[in-house]
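J.: I'd like to ask some things about the structure below.
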Amino acid sequence: MTRRRAVSYIAACALLVACPGSRKLEPLMPATMALAPASRDSAVRWTRQTEPRTATLIRFRWRYEDERVKYAGRGSARIAPPDSLRFDFAGPLNLGSGAAVVIGDSVAWADPEKNFRSLVPAIPMLWAAFAMVRPPAGDATVFEAQFADSLRHTHHTAWRFAQVEDTLDYVVTDSAGRESILEAEWRRRGAVVARSRSTLDASQRPASARVYFPEAPARFELTVSVVDTAAVIPPNVWRSRR
Amino acid sequence: MCGAVAASVPALWLAGCLYGFAGGTLPNVRTVAILPFDNDTPEPALTQEVSDAVRQALEGRLGLRVATEANADAIVRGRVVRYDPDIPISLQSGAGTVTVTKRKVQITVDVEIVNQRDGTTVWKRPGLTVDGDYDPPAEKEGRKLAWQKLVQQIVDGAQSQW
């Protein structure tokens with residue numbers, strides 16, 4: 001191979017690796033992972049542990065990128081456990097601001113709706129980005145697995161909530177008092193809709209997250225700057241004007 | 001030619017002085033970063049509108065430069081605490097009906113300017129309430145007037161720091 005060809009080959013490989021759409025996503029849970037059937041109640045108990053115990057305000061910086069656009073800005077999430085979230089976002093110079101209220105897996109309102117939907121196309125992934133997991137749907141089949149990595153001194157807990165069309169996989173990597181990781185994957189009819197990876201600090205508070213949408217392809221990242229667990233959430237934030 | 005240059009130097013210096021004194025500014029603050037205000041209301045548009053008003057006050061009226069949070073001398077932060085969009089102020093009674101012919105919006109904000117260099121609060125106004133009249137249903141016109149009042153209050157407040 002000539003030097004010129006070699007450089008071209010390396011450049012092409014680098015381009016392939018850099019381009020988000022070209023990557024083949026390996027499943028979050030390999031087929032060899034031994035998942036055992038579990039009760040929905042045990043899954044609900046686990047998801048409850050991921051929720052904040054008190055009303056919480058999370059401030060963050062965000063970045064969104066797809067093939068056409070690249071945006072960044074700031075935002076906040078006000079969470080009233082167990083299932084209510086008010087999401088406010090603003091772009092650079094505070095332009096393009098908007099807000100939405102999410103109750104459980106549904107969007108109660110979003111304004112402007114288009115901006116919110118493009119930023120947050122998958123509600124379970126929004127919760128996962130803040131290191132919180134929604135309980136499985138009533139008709140979901142639940143599986144669980146636990147395993148330890150003695151080399152890395154980490155403990156892993158895996159959950160699968162499978163419905164007819166949608167499957168949600170979660171893997172928590174706990175590093176014994178150091179930062180933990182929550183990975184989530186949403187598949188619809190076997191195809192990956194979204195994959196997220198959220199890190200939690202030593203106090204088990206969300207620190208950062210990256211959500212990847214392979215179909216678009218698009219990427220949403222957030223970096224948490226403040227977690228206020230003594231937040232007071234006024235009742236007006238849940239109401240819609242429209 | 002030399003005379004013209006010599007004459008223009010003091011003129012420029014004088015113009016510079018006049019510019020410096022015309023707007024007034026906050027002590028030791030030349031650059032500011034405006035953080036998105038928390039919005040406690042159901043109206044998401046207020047987040048951007050309050051930011052625009054604050055920018056107009058600080059950049060347009062006080063001559064400060066907007067910078068990134070990492071580089072700014074001060075940060076401006078706050079909260080839109082309350083928004084009443086349709087307070088009736090003028091009524092017209094008819095046969096068995098009452099028509100509201102004029103309404104006003106009322107917006108309450110908390111504003112704080114913090115010097116990032118030493119962590120001190122340069123200026124703070126909790127519960128700053130502004131309003132603006134409008135002919136229904138032109139609520140946005142009312143908001144425009146309210147924001148103009150906010151701009152003036154911030155300018156007045158900042159200038160009182162001299």
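We name chains A, B, ... following the order of the structure tokens; residues begin at 1 in each chain, and ligands are numbered from 1 as shown.
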Show me, as a VMD selection string, every residue of chain A with an atom at most 12 Å from chain B, counting only C-alpha atoms.
T.: chain A and resid 57 to 61 73 to 78 86 to 101 109 to 113 115 to 116 232 to 242
J.: Just the selected residues (C-alpha atoms), exported as a PDB file, in the first residue's frame, please.
T.:
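Written output follows (out24.pdb):
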```
ATOM      1  CA  LEU A  57     -34.005  20.953  40.984  1.00  0.00           C
ATOM      2  CA  ILE A  58     -31.323  19.936  38.504  1.00  0.00           C
ATOM      3  CA  ARG A  59     -29.525  22.586  36.458  1.00  0.00           C
ATOM      4  CA  PHE A  60     -27.545  21.486  33.448  1.00  0.00           C
ATOM      5  CA  ARG A  61     -25.866  22.467  30.205  1.00  0.00           C
ATOM      6  CA  GLY A  73     -27.685  25.753  25.891  1.00  0.00           C
ATOM      7  CA  ARG A  74     -28.792  25.445  29.448  1.00  0.00           C
ATOM      8  CA  GLY A  75     -31.753  23.926  31.124  1.00  0.00           C
ATOM      9  CA  SER A  76     -33.323  22.847  34.334  1.00  0.00           C
ATOM     10  CA  ALA A  77     -35.446  19.959  35.476  1.00  0.00           C
ATOM     11  CA  ARG A  78     -37.702  20.245  38.481  1.00  0.00           C
ATOM     12  CA  ARG A  86     -40.922  20.171  34.536  1.00  0.00           C
ATOM     13  CA  PHE A  87     -38.241  20.597  31.893  1.00  0.00           C
ATOM     14  CA  ASP A  88     -37.085  24.100  30.900  1.00  0.00           C
ATOM     15  CA  PHE A  89     -34.545  24.715  28.171  1.00  0.00           C
ATOM     16  CA  ALA A  90     -32.921  27.700  26.507  1.00  0.00           C
ATOM     17  CA  GLY A  91     -30.518  27.897  23.601  1.00  0.00           C
ATOM     18  CA  PRO A  92     -27.483  30.110  23.162  1.00  0.00           C
ATOM     19  CA  LEU A  93     -28.077  33.684  24.434  1.00  0.00           C
ATOM     20  CA  ASN A  94     -31.252  32.265  25.978  1.00  0.00           C
ATOM     21  CA  LEU A  95     -32.889  32.137  22.550  1.00  0.00           C
ATOM     22  CA  GLY A  96     -35.310  29.370  21.649  1.00  0.00           C
ATOM     23  CA  SER A  97     -36.493  28.792  25.167  1.00  0.00           C
ATOM     24  CA  GLY A  98     -39.280  26.402  25.981  1.00  0.00           C
ATOM     25  CA  ALA A  99     -40.716  24.183  28.633  1.00  0.00           C
ATOM     26  CA  ALA A 100     -42.579  20.951  29.077  1.00  0.00           C
ATOM     27  CA  VAL A 101     -44.225  18.972  31.816  1.00  0.00           C
ATOM     28  CA  TRP A 109     -47.747  19.779  27.724  1.00  0.00           C
ATOM     29  CA  ALA A 110     -44.804  21.158  25.811  1.00  0.00           C
ATOM     30  CA  ASP A 111     -44.379  24.696  24.547  1.00  0.00           C
ATOM     31  CA  PRO A 112     -43.190  25.078  21.844  1.00  0.00           C
ATOM     32  CA  GLU A 113     -43.978  21.418  21.294  1.00  0.00           C
ATOM     33  CA  ASN A 115     -38.673  22.275  19.932  1.00  0.00           C
ATOM     34  CA  PHE A 116     -39.221  19.973  22.865  1.00  0.00           C
ATOM     35  CA  VAL A 232     -39.485  24.374  46.381  1.00  0.00           C
ATOM     36  CA  ILE A 233     -41.582  23.822  43.280  1.00  0.00           C
ATOM     37  CA  PRO A 234     -44.462  26.273  42.948  1.00  0.00           C
ATOM     38  CA  PRO A 235     -47.741  24.724  41.765  1.00  0.00           C
ATOM     39  CA  ASN A 236     -47.950  27.045  38.743  1.00  0.00           C
ATOM     40  CA  VAL A 237     -45.084  25.290  36.966  1.00  0.00           C
ATOM     41  CA  TRP A 238     -47.282  22.270  36.247  1.00  0.00           C
ATOM     42  CA  ARG A 239     -50.080  24.225  34.604  1.00  0.00           C
ATOM     43  CA  SER A 240     -50.363  24.842  30.915  1.00  0.00           C
ATOM     44  CA  ARG A 241     -51.522  28.147  29.439  1.00  0.00           C
ATOM     45  CA  ARG A 242     -52.737  26.674  26.182  1.00  0.00           C
TER      46      ARG A 242
END
```
J.: Give me the residues near stretch 35-50 of chain A as a PyMOL selection string, where near means some atom within 9 Å (using only C-alpha atoms) and where sequence neighbours in that chain fewer than 6 positions away do not count.
T.: chain A and resi 82+131-138+140-146+158-161+204
J.: Mind listing the strand (DSSP E) residues of chain B, per DSSP on the backbone, as a VMD selection string?
T.: chain B and resid 31 to 34 38 to 39 65 to 66 74 to 93 98 to 115 121 to 134
J.: Please identify which residues in stretch 24-240 of chain A DSSP calls helix (DSSP H, G or I) from the backbone, and express them as a PyMOL selection string.
T.: chain A and resi 40-50+92-94+113-119+123-129+235-238
J.: Please produce a file of those selected residues containing N, CA and C atoms, as a tab-separated table (two decimals), in the first residue's frame.
T.:
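The new file selection_29.tsv reads:
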```
chain	number	residue	atom	x	y	z
A	40	ARG	N	-42.78	-8.07	38.72
A	40	ARG	CA	-42.92	-6.65	38.44
A	40	ARG	C	-42.72	-5.83	39.72
A	41	ASP	N	-43.18	-6.39	40.85
A	41	ASP	CA	-43.04	-5.67	42.12
A	41	ASP	C	-41.57	-5.40	42.45
A	42	SER	N	-40.73	-6.40	42.21
A	42	SER	CA	-39.31	-6.19	42.52
A	42	SER	C	-38.72	-5.13	41.60
A	43	ALA	N	-39.18	-5.11	40.35
A	43	ALA	CA	-38.70	-4.08	39.42
A	43	ALA	C	-39.16	-2.70	39.87
A	44	VAL	N	-40.42	-2.62	40.31
A	44	VAL	CA	-40.94	-1.33	40.76
A	44	VAL	C	-40.14	-0.86	41.98
A	45	ARG	N	-39.82	-1.80	42.88
A	45	ARG	CA	-39.03	-1.42	44.07
A	45	ARG	C	-37.69	-0.84	43.64
A	46	TRP	N	-37.08	-1.48	42.64
A	46	TRP	CA	-35.78	-0.99	42.17
A	46	TRP	C	-35.91	0.40	41.53
A	47	THR	N	-36.94	0.57	40.70
A	47	THR	CA	-37.09	1.88	40.04
A	47	THR	C	-37.35	2.98	41.07
A	48	ARG	N	-38.07	2.64	42.14
A	48	ARG	CA	-38.35	3.65	43.18
A	48	ARG	C	-37.04	4.13	43.82
A	49	GLN	N	-36.06	3.23	43.89
A	49	GLN	CA	-34.78	3.63	44.49
A	49	GLN	C	-34.04	4.65	43.63
A	50	THR	N	-34.37	4.69	42.34
A	50	THR	CA	-33.67	5.65	41.47
A	50	THR	C	-34.31	7.04	41.53
A	92	PRO	N	-28.52	29.11	22.96
A	92	PRO	CA	-27.48	30.11	23.16
A	92	PRO	C	-28.10	31.51	23.27
A	93	LEU	N	-27.54	32.35	24.14
A	93	LEU	CA	-28.08	33.68	24.43
A	93	LEU	C	-29.53	33.63	24.89
A	94	ASN	N	-29.89	32.50	25.45
A	94	ASN	CA	-31.25	32.26	25.98
A	94	ASN	C	-32.32	32.32	24.89
A	113	GLU	N	-44.01	22.88	21.31
A	113	GLU	CA	-43.98	21.42	21.29
A	113	GLU	C	-42.90	20.89	20.33
A	114	LYS	N	-42.78	21.55	19.18
A	114	LYS	CA	-41.83	21.05	18.17
A	114	LYS	C	-40.39	21.07	18.71
A	115	ASN	N	-40.04	22.17	19.39
A	115	ASN	CA	-38.67	22.28	19.93
A	115	ASN	C	-38.41	21.19	20.97
A	116	PHE	N	-39.41	20.97	21.82
A	116	PHE	CA	-39.22	19.97	22.87
A	116	PHE	C	-39.10	18.58	22.26
A	117	ARG	N	-39.97	18.28	21.28
A	117	ARG	CA	-39.96	16.94	20.67
A	117	ARG	C	-38.64	16.67	19.94
A	118	SER	N	-38.08	17.70	19.33
A	118	SER	CA	-36.83	17.46	18.62
A	118	SER	C	-35.68	17.28	19.60
A	119	LEU	N	-35.80	17.96	20.75
A	119	LEU	CA	-34.73	17.83	21.75
A	119	LEU	C	-34.87	16.54	22.55
A	123	ILE	N	-39.25	9.85	25.92
A	123	ILE	CA	-39.44	10.21	27.32
A	123	ILE	C	-38.71	9.28	28.30
A	124	PRO	N	-38.74	7.95	28.08
A	124	PRO	CA	-37.99	7.11	29.04
A	124	PRO	C	-36.51	7.48	29.09
A	125	MET	N	-35.99	7.97	27.95
A	125	MET	CA	-34.58	8.34	27.92
A	125	MET	C	-34.32	9.67	28.65
A	126	LEU	N	-35.36	10.52	28.69
A	126	LEU	CA	-35.21	11.76	29.46
A	126	LEU	C	-35.05	11.43	30.93
A	127	TRP	N	-35.89	10.53	31.43
A	127	TRP	CA	-35.75	10.10	32.83
A	127	TRP	C	-34.40	9.44	33.05
A	128	ALA	N	-34.02	8.59	32.11
A	128	ALA	CA	-32.75	7.88	32.27
A	128	ALA	C	-31.58	8.86	32.27
A	129	ALA	N	-31.71	9.95	31.49
A	129	ALA	CA	-30.63	10.95	31.46
A	129	ALA	C	-30.40	11.55	32.84
A	235	PRO	N	-46.73	25.50	42.51
A	235	PRO	CA	-47.74	24.72	41.76
A	235	PRO	C	-47.98	25.21	40.33
A	236	ASN	N	-47.70	26.50	40.08
A	236	ASN	CA	-47.95	27.04	38.74
A	236	ASN	C	-47.11	26.40	37.64
A	237	VAL	N	-45.97	25.83	38.01
A	237	VAL	CA	-45.08	25.29	36.97
A	237	VAL	C	-45.71	24.10	36.25
A	238	TRP	N	-46.69	23.47	36.87
A	238	TRP	CA	-47.28	22.27	36.25
A	238	TRP	C	-48.40	22.63	35.30
```
J.: What lies within 12 Å of B:Pro137 using only C-alpha atoms, ignoring chain neighbours under 4 positions off, as a list in words?
T.: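 Returned residues: Pro85, Asp86, Ile87, Pro88, Val100, Thr101, Lys102, Arg103, Lys104, Val105, Asp133, Glu141, Gly142 and Arg143 of chain B.
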J.: Could you tell me which of A:Asp166, A:Arg189, A:Ser175, A:Val102 comes closest to A:Leu151 if we count only C-alpha atoms?
T.: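 For A:Leu151, the nearest of the given residues is A:Ser175.
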J.: Contacts of A:Leu222 at 7 Å or less, counting only C-alpha atoms, minus same-chain residues fewer than 6 places along, as a ChimeraX atom specification?
T.: /A:60-63,208-210
J.: To one decimal place in Å, what is the distance between atom CA of A:Ser196 and atom CA of A:Ala216?
T.: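 According to the coordinates, atom CA of A:Ser196 and atom CA of A:Ala216 are separated by 14.7 Å.
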